[in-house]
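Asker: What follows is a single structure, and I will ask about it in a moment.
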Amino acid sequence: MESFITALQNLASPEVLLVIFLSAVYGLFVGSIPGLTATMAVALLIPLTFYLDNLTAIAAIVTLEACSIFAGDIPTTLVRIPGTPSSAAYTDDAYSLTRQGLHETSLGVSLIFSVAGGLFGALVLILAAPLLAKIAFQFTTYEYFWLYVLGLSCAAIVSTGSRLKGALALMIGLMFATVGLSEVHSVPRFTFGFDELFTGINFIPAMIGLFGLSEVFRNCLTSKTDEVAEKLESAHIKEDDHSLWKHLKPVFGGVLPQLWKRKFSWFRSSCIGSTIGMIPGAGADIAAWISYAVSKKFSKTPEEYGKGSLDAVGDATSANNSALAGAWIPALVLGIPGDSVTAIVIGVLLMKNITPGPAIFENPDQLVLVHGIYLTFIVANLLLIPLGFLAIRSGAQLVRVPRRILMPLILMFCVVGSYSINGSYFDVWVMLGMGILGFFLEVFAIPLGPVVLGIILGSQLEQSFVQNLTKDDSFLSFFNRPISAGLGIFCIALWLYPLLMPLLRKKEQVAS
Amino acid sequence: MESISGTELMNQNALTYTTLRFRPLLLCLILFSGCASESVEDYPDRPITIICPWSVGGATDRTSRQVAVFLEQELGVPVNVINATGGRGVTGHSRGLNARPDGYTLAVITGELNMLHWQDLTSLTYQDAIPIISLVDGAAAVFVKDNSPFQNMQELQDYVKQNPGKLTATGTASGGIWHLALAGWLDFSGLNAEDIKWIPMNGAGPSLQELASGGVDLVCCSLPEAKTLFESGQVRCLGVMTEEPLPEFKDVPTFKSQGMDWSISGWNGLALPVDTPQPIVEKISNAMKKITSGEATLQGKTFPELMTAAGLSTRYRADEEFAGFLKSNDQTLGKLLTSDAFQQMSSRGTGPLVFPAMLAFASCVILVCLAVQKKVHALAPDVSSETVTSQGIVNTILVLLGIVAYLLFAEKLGFILTAGTILFLLLWKFGTRWWMSALIVLCFIPGIYTLFAQLLRVPLPRGLLGW
């Protein structure tokens with residue numbers, strides 16, 4: 001308790017609050033630029049953290065992370081380019097809402113559910129850190145394998161349209177993931193003599209190409225009228241009301257009833273988010289996909305998913321934000337990063353002479369830091385409400401710009417964004433190729449989401465698959481541990497369920 | 001700082017404007033400025049990039065970032081770290097060492113540089129690098145879980161002798177440095193290098209987690225990498241592969257003290273691409289000597305102090321000494337990697353094409369199913385041929401050409417010129433008035449440049465004119 005008060009005092013100093021504020025703005029900014037990820041933003045912050053004291057440095061990282069994950073929703077919603085990979089799951093939903101002129105409501109839902117999810121994640125971090133880390137620590141390569149299968153299956157199953165086309169998209173993504181030097185065999189595959197392809201296909205330029213560039217192509221080719229802008233005009237009925245509510249209403253108007261209506265699904269998604277965040281290697285993006293799938297499964301209106309469902313956006317955003325705090329649990333308790341941001345955080349802690357581990361919960365000085373992290377998660381999420389609101393309002397101006405101006409500018413951001421992640425021209429070629437591919441996939445009604453997740457998770461899936469087979473070459477060994485058996489059976493059931501359903505129905509009909 | 005970038009911005013605006021109005025003049029300008037070579041005396045006058053071949057959070061990354069902060073202070077320009085990961089280090093090493101030798105790209109090299117070419121994964125060798133200084137030198141160590149029956153290396157050796165192929169170990173990819181360390185020890189002990197199954201993993205972090213969750217029996221990696229789990233007692237160290245005990249871990253027995261004369265370590269260091277001008281090499285070398293000797297301080301802390309705090313064992317070998325070490329290290333690793341024991345090992349386990357073949361098979365099955373359902377050619381409802389106009393086709397081709405033009409000319413002309421020209425032409429051809437297009441270009445291109453190149457430190461191409 002004493003350390004808690006000390007942490008509160010430290011955090012309340014004007015300098016720390018200023019740093020938190022600045023990193024929130026920075027996070028919102030970086031997150032909303034496609035191609036710049038939260039990880040990159042944190043990595044860029046590292047040199048600065050040398051000049052900050054421990055608590056301030058960590059507080060800056062926490063705030064930056066929370067804000068940039070939310071900010072990723074802004075370009076996702078407005079121009080259909082996921083700002084961060086965590087937004088890829090609900091890109092179609094969010095963008096469809098924009099086309100209906102509901103972008104501010106959608107972003108409002110994103111914001112409030114992100115904050116609610118983030119606060120829930122913080123609560124989980126505070127209450128359950130040491131306890132829950134123990135469970136996640138039981139995960140071996142077998143459990144990981146099934147976890148990846150589960151994540152990928154969800155992406156294919158929840159995608160709009162034909163489930164088979166979703167599966168095909170997934171296979172395309174997984175195929176792309178096999179390009180490059182295989183980590184397990186150290187054998188170059190499908191590199192066609194390009195040295196750059198040794199690294200494989202980077203998913204950030206791939207994502208920018210698939211979602212962003214293909215959209216530019218589609219818009220250019222059909223030279224559509226500015227239907228979105230028109231819809232927006234009609235949505236903004238001129239009112240004489242000059243009060244503050246006029247500005248707040250489009251963003252927050254429908255949100256609180258939505259939050260109340262969806263309180264149970266919010267709770268469910270946040271639980272999924274923090275649990276998945278805790279599992280090392282599975283971060284906010286997988287959390288978003290899985291909670292999206294679960295949300296669709298339990299929804300009364302699953303047919304709306306992918307075509308602009310506010311429920312989907314709300315559930316997935318609360319999951320990806322609650323995953324952030326979850327990822328800190330293994331990082332603090334075991335020194336094993338839950339995601340790429342916490343990997344950097346561990347480096348920062350070590351440089352500041354703090355070794356993450358169970359001991360930091362006992363050392364009073366370091367306990368102050370731990371409590372500081374808890375508090376920052378709460379402060380950062382609360383700060384996100386006003387700042388996120390401002391970001392939404394200023395971002396919303398984007399959709400009013402005529403397409404003939406917007407498209408060349410988006411193109412410029414696609415090029416710079418895909419270049420910036422590694423400073424490599426090859427990534428721009430990848431972006432171009434993926435843009436063309438994405439365009440044709442869309443023409444044939446093949447969903448793009450599973451392709452992206454396939455590229456992200458493919459190599460990990462293959463690695464755990466090969467690792468399992470190296471340990472024991474019988475497939476039965478995939479089920480020889482309780483958790484892996486449970487996960488495995490669940491995954492298989494997930495795929496067999498739609499195949500068996502017609503059979504079961506027929507039997508029922510015969511019986512009746 | 002603010003005012004300088006302000007004037008720069010204005011210059012950029014003015015020059016971008018020139019681009020649009022006086023293209024022939026600009027061409028001459030480019031030709032002239034091409035003649036003037038970059039002055040070595042002015043080095044460094046723009047941000048420097050360090051290429052780290054491994055991912056964030058690891059020992060090499062931590063070292064690179066620490067070096068970057070100190071170099072930034074010593075050289076007075078921003079120093080950024082780029083993690084060019086993947087391909088077991090091939091990617092990062094080739095990017096660092098094949099970079100333009102102008103001193104603005106530094107390479108962090110690791111032990112893999114002396115291993116990959118023996119395994120035919122790259123043609124790069126230590127001769128492609130100008131060695132500056134070696135930094136980390138982490139000896140391999142063997143870890144077991146706290147409840148493991150093994151108390152020392154002898155017990156382990158005896159068990160493996162009785163039960164070859166029963167135990168599993170991990171720590172890095174197959175053929176990586178820690179795999180080499182363990183297999184080398186087995187070979188040294190007169191055992192078969194395959195008697196402990198190696199599960200390939202992506203680095204020490206996930207490997208240690210696998211050990212703690214009971215997925216493998218042993219982990220071989222360096223001691224600092226396992227510091228947290230080791231100090232909390234969740235893993236036990238059976239021995240470290242050095243001659244002398246490590247200063248920070250005095251209680252950990254060495255292999256030598258257990259009667260096994262086997263030592264191997266993973267290292268990293270700073271290098272420059274070959275053909276870098278001598279004055280630049282000397283400048284960086286002197287800065288690094290000042291940093292590693294503890295002369296330079298940052299917030300009252302020296303580089304060696306911060307490295308020790310991070311638990312990294314360092315060994316600073318400068319210039320000639322580092323070059324000598326690289327050569328002997330290359331021979332040692334080459335001897336191991338080309339030995340019979342290692343040659344046999346590389347051809348076992350699940351083949352590299354098994355997984356892609358499974359995917360291809362699954363794709364075929366899906367396509368057949370789709371064909372049966374007659375859904376292969378089902379088009380998306382909102383993409384139909386009626387909406388496509390001839391203007392639309394022209395516009396799409398323009399977009400494609402724009403990207404290709406950027407890729408071809410950006411490096412030569414620099415970001416501002418290329419992007420500005422392309423953006424202007426696209427806006428204009430899409431139907432925006434020319435003055436409006438010019439205005440947008442003038443606002444956005446310098447804006448994007450400032451944002452990415454200055455604030456976010458992305459190495460945007462600078463081209464002939466330096467912007």
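Each chain in the structure tokens gets a letter, A, B, ..., in the order shown, and its residues are numbered from 1; ligands are numbered from 1 in order too.
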Using DSSP assignments from the backbone, pull out every residue in region 79-210 of chain B that falls under alpha helix (DSSP H) and give it to me as a PyMOL selection string.

Answerer: chain B and resi 90-97+113-116+153-162+177-188+204-210

Asker: Residues near region 331-346 of chain A, anyone? I mean within 9 Å using only C-alpha atoms, not counting same-chain ones fewer than 6 positions away, as a ChimeraX atom specification.

Answerer: /A:38-40,42-43,46,58,61,65,129-130,133,137,277-284,324,354-361,370 /B:56-58,62,205-206,208-209,228-229

Asker: Please return, as JSON, numbers by chain, all residues of region 214-442 of chain B that DSSP assigns to strand (DSSP E) on the basis of the backbone.

Answerer: {"B": [218, 219, 220, 221, 222, 235, 236, 237, 238, 239, 240, 265, 266, 267, 268, 269, 270, 271, 272, 273, 297, 298, 301, 302, 314, 315, 316, 317, 318]}

Asker: Contacts of Gln154 (chain B) at 8 Å or less, counting only C-alpha atoms, minus same-chain residues fewer than 3 places along, as a list in words?

Answerer: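 My reading of the contact set: Gln157, Asp158 and Gln258 of chain B.
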
Asker: Which residue, B:Asn163, B:Gln234, B:Thr254, B:Gln331, has the smallest gap to chain A when you use only C-alpha atoms?

Answerer: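 For chain A, the nearest of the given residues is B:Gln234.
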
Asker: Go through A:Gly417, A:Pro250, A:Pro502, A:Gly388 one by one, measure the shortest atom-to-atom distance of each to Tyr449 (chain B) using only C-alpha atoms, and give the residue with the smallest value.

Answerer: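 Among the listed residues, A:Gly417 lies closest to Tyr449 (chain B).
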
Asker: Calculate how many Å separate CA of Val81 (chain B) from CA of Ile51 (chain B), rounding to one decimal.

Answerer: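 Interatomic distance, CA of Val81 (chain B) to CA of Ile51 (chain B): 5.9 Å.
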
Asker: Could you list, as a list of chain:residue names, every residue within 9 Å of Met412 (chain A), counting only C-alpha atoms and ignoring same-chain residues fewer than 3 positions away?

Answerer: A:Met407, A:Pro408, A:Leu409, A:Val415, A:Val416, A:Gly417, B:Ile403, B:Ala419, B:Leu423

Asker: Just write the chosen residues, N, CA, C and O atoms, as a PDB file, in the first residue's frame.

Answerer:
```pdb
ATOM      1  N   MET A 407      -6.870  10.048 -53.165  1.00  0.00           N
ATOM      2  CA  MET A 407      -6.224   8.822 -53.662  1.00  0.00           C
ATOM      3  C   MET A 407      -4.724   8.997 -53.912  1.00  0.00           C
ATOM      4  O   MET A 407      -3.930   8.185 -53.450  1.00  0.00           O
ATOM      5  N   PRO A 408      -4.288  10.065 -54.633  1.00  0.00           N
ATOM      6  CA  PRO A 408      -2.833  10.233 -54.786  1.00  0.00           C
ATOM      7  C   PRO A 408      -2.114  10.385 -53.447  1.00  0.00           C
ATOM      8  O   PRO A 408      -1.000   9.872 -53.271  1.00  0.00           O
ATOM      9  N   LEU A 409      -2.772  11.049 -52.504  1.00  0.00           N
ATOM     10  CA  LEU A 409      -2.120  11.227 -51.200  1.00  0.00           C
ATOM     11  C   LEU A 409      -2.012   9.898 -50.452  1.00  0.00           C
ATOM     12  O   LEU A 409      -0.989   9.607 -49.833  1.00  0.00           O
ATOM     13  N   VAL A 415       3.378   4.274 -50.146  1.00  0.00           N
ATOM     14  CA  VAL A 415       4.770   4.102 -50.553  1.00  0.00           C
ATOM     15  C   VAL A 415       5.701   4.400 -49.381  1.00  0.00           C
ATOM     16  O   VAL A 415       6.562   3.594 -49.017  1.00  0.00           O
ATOM     17  N   VAL A 416       5.498   5.546 -48.747  1.00  0.00           N
ATOM     18  CA  VAL A 416       6.392   5.923 -47.652  1.00  0.00           C
ATOM     19  C   VAL A 416       6.214   4.982 -46.468  1.00  0.00           C
ATOM     20  O   VAL A 416       7.188   4.567 -45.847  1.00  0.00           O
ATOM     21  N   GLY A 417       4.968   4.609 -46.192  1.00  0.00           N
ATOM     22  CA  GLY A 417       4.696   3.734 -45.054  1.00  0.00           C
ATOM     23  C   GLY A 417       5.356   2.378 -45.216  1.00  0.00           C
ATOM     24  O   GLY A 417       5.960   1.854 -44.284  1.00  0.00           O
TER      25      GLY A 417
ATOM     26  N   ILE B 403       4.169   4.454 -58.990  1.00  0.00           N
ATOM     27  CA  ILE B 403       4.925   3.676 -58.003  1.00  0.00           C
ATOM     28  C   ILE B 403       6.236   3.187 -58.605  1.00  0.00           C
ATOM     29  O   ILE B 403       7.303   3.283 -57.991  1.00  0.00           O
ATOM     30  N   ALA B 419       8.926  12.179 -55.288  1.00  0.00           N
ATOM     31  CA  ALA B 419       7.563  12.102 -54.778  1.00  0.00           C
ATOM     32  C   ALA B 419       6.773  13.335 -55.206  1.00  0.00           C
ATOM     33  O   ALA B 419       5.603  13.241 -55.576  1.00  0.00           O
ATOM     34  N   LEU B 423       3.444  13.033 -57.385  1.00  0.00           N
ATOM     35  CA  LEU B 423       2.188  13.461 -56.763  1.00  0.00           C
ATOM     36  C   LEU B 423       1.538  14.553 -57.609  1.00  0.00           C
ATOM     37  O   LEU B 423       0.325  14.527 -57.843  1.00  0.00           O
TER      38      LEU B 423
END
```
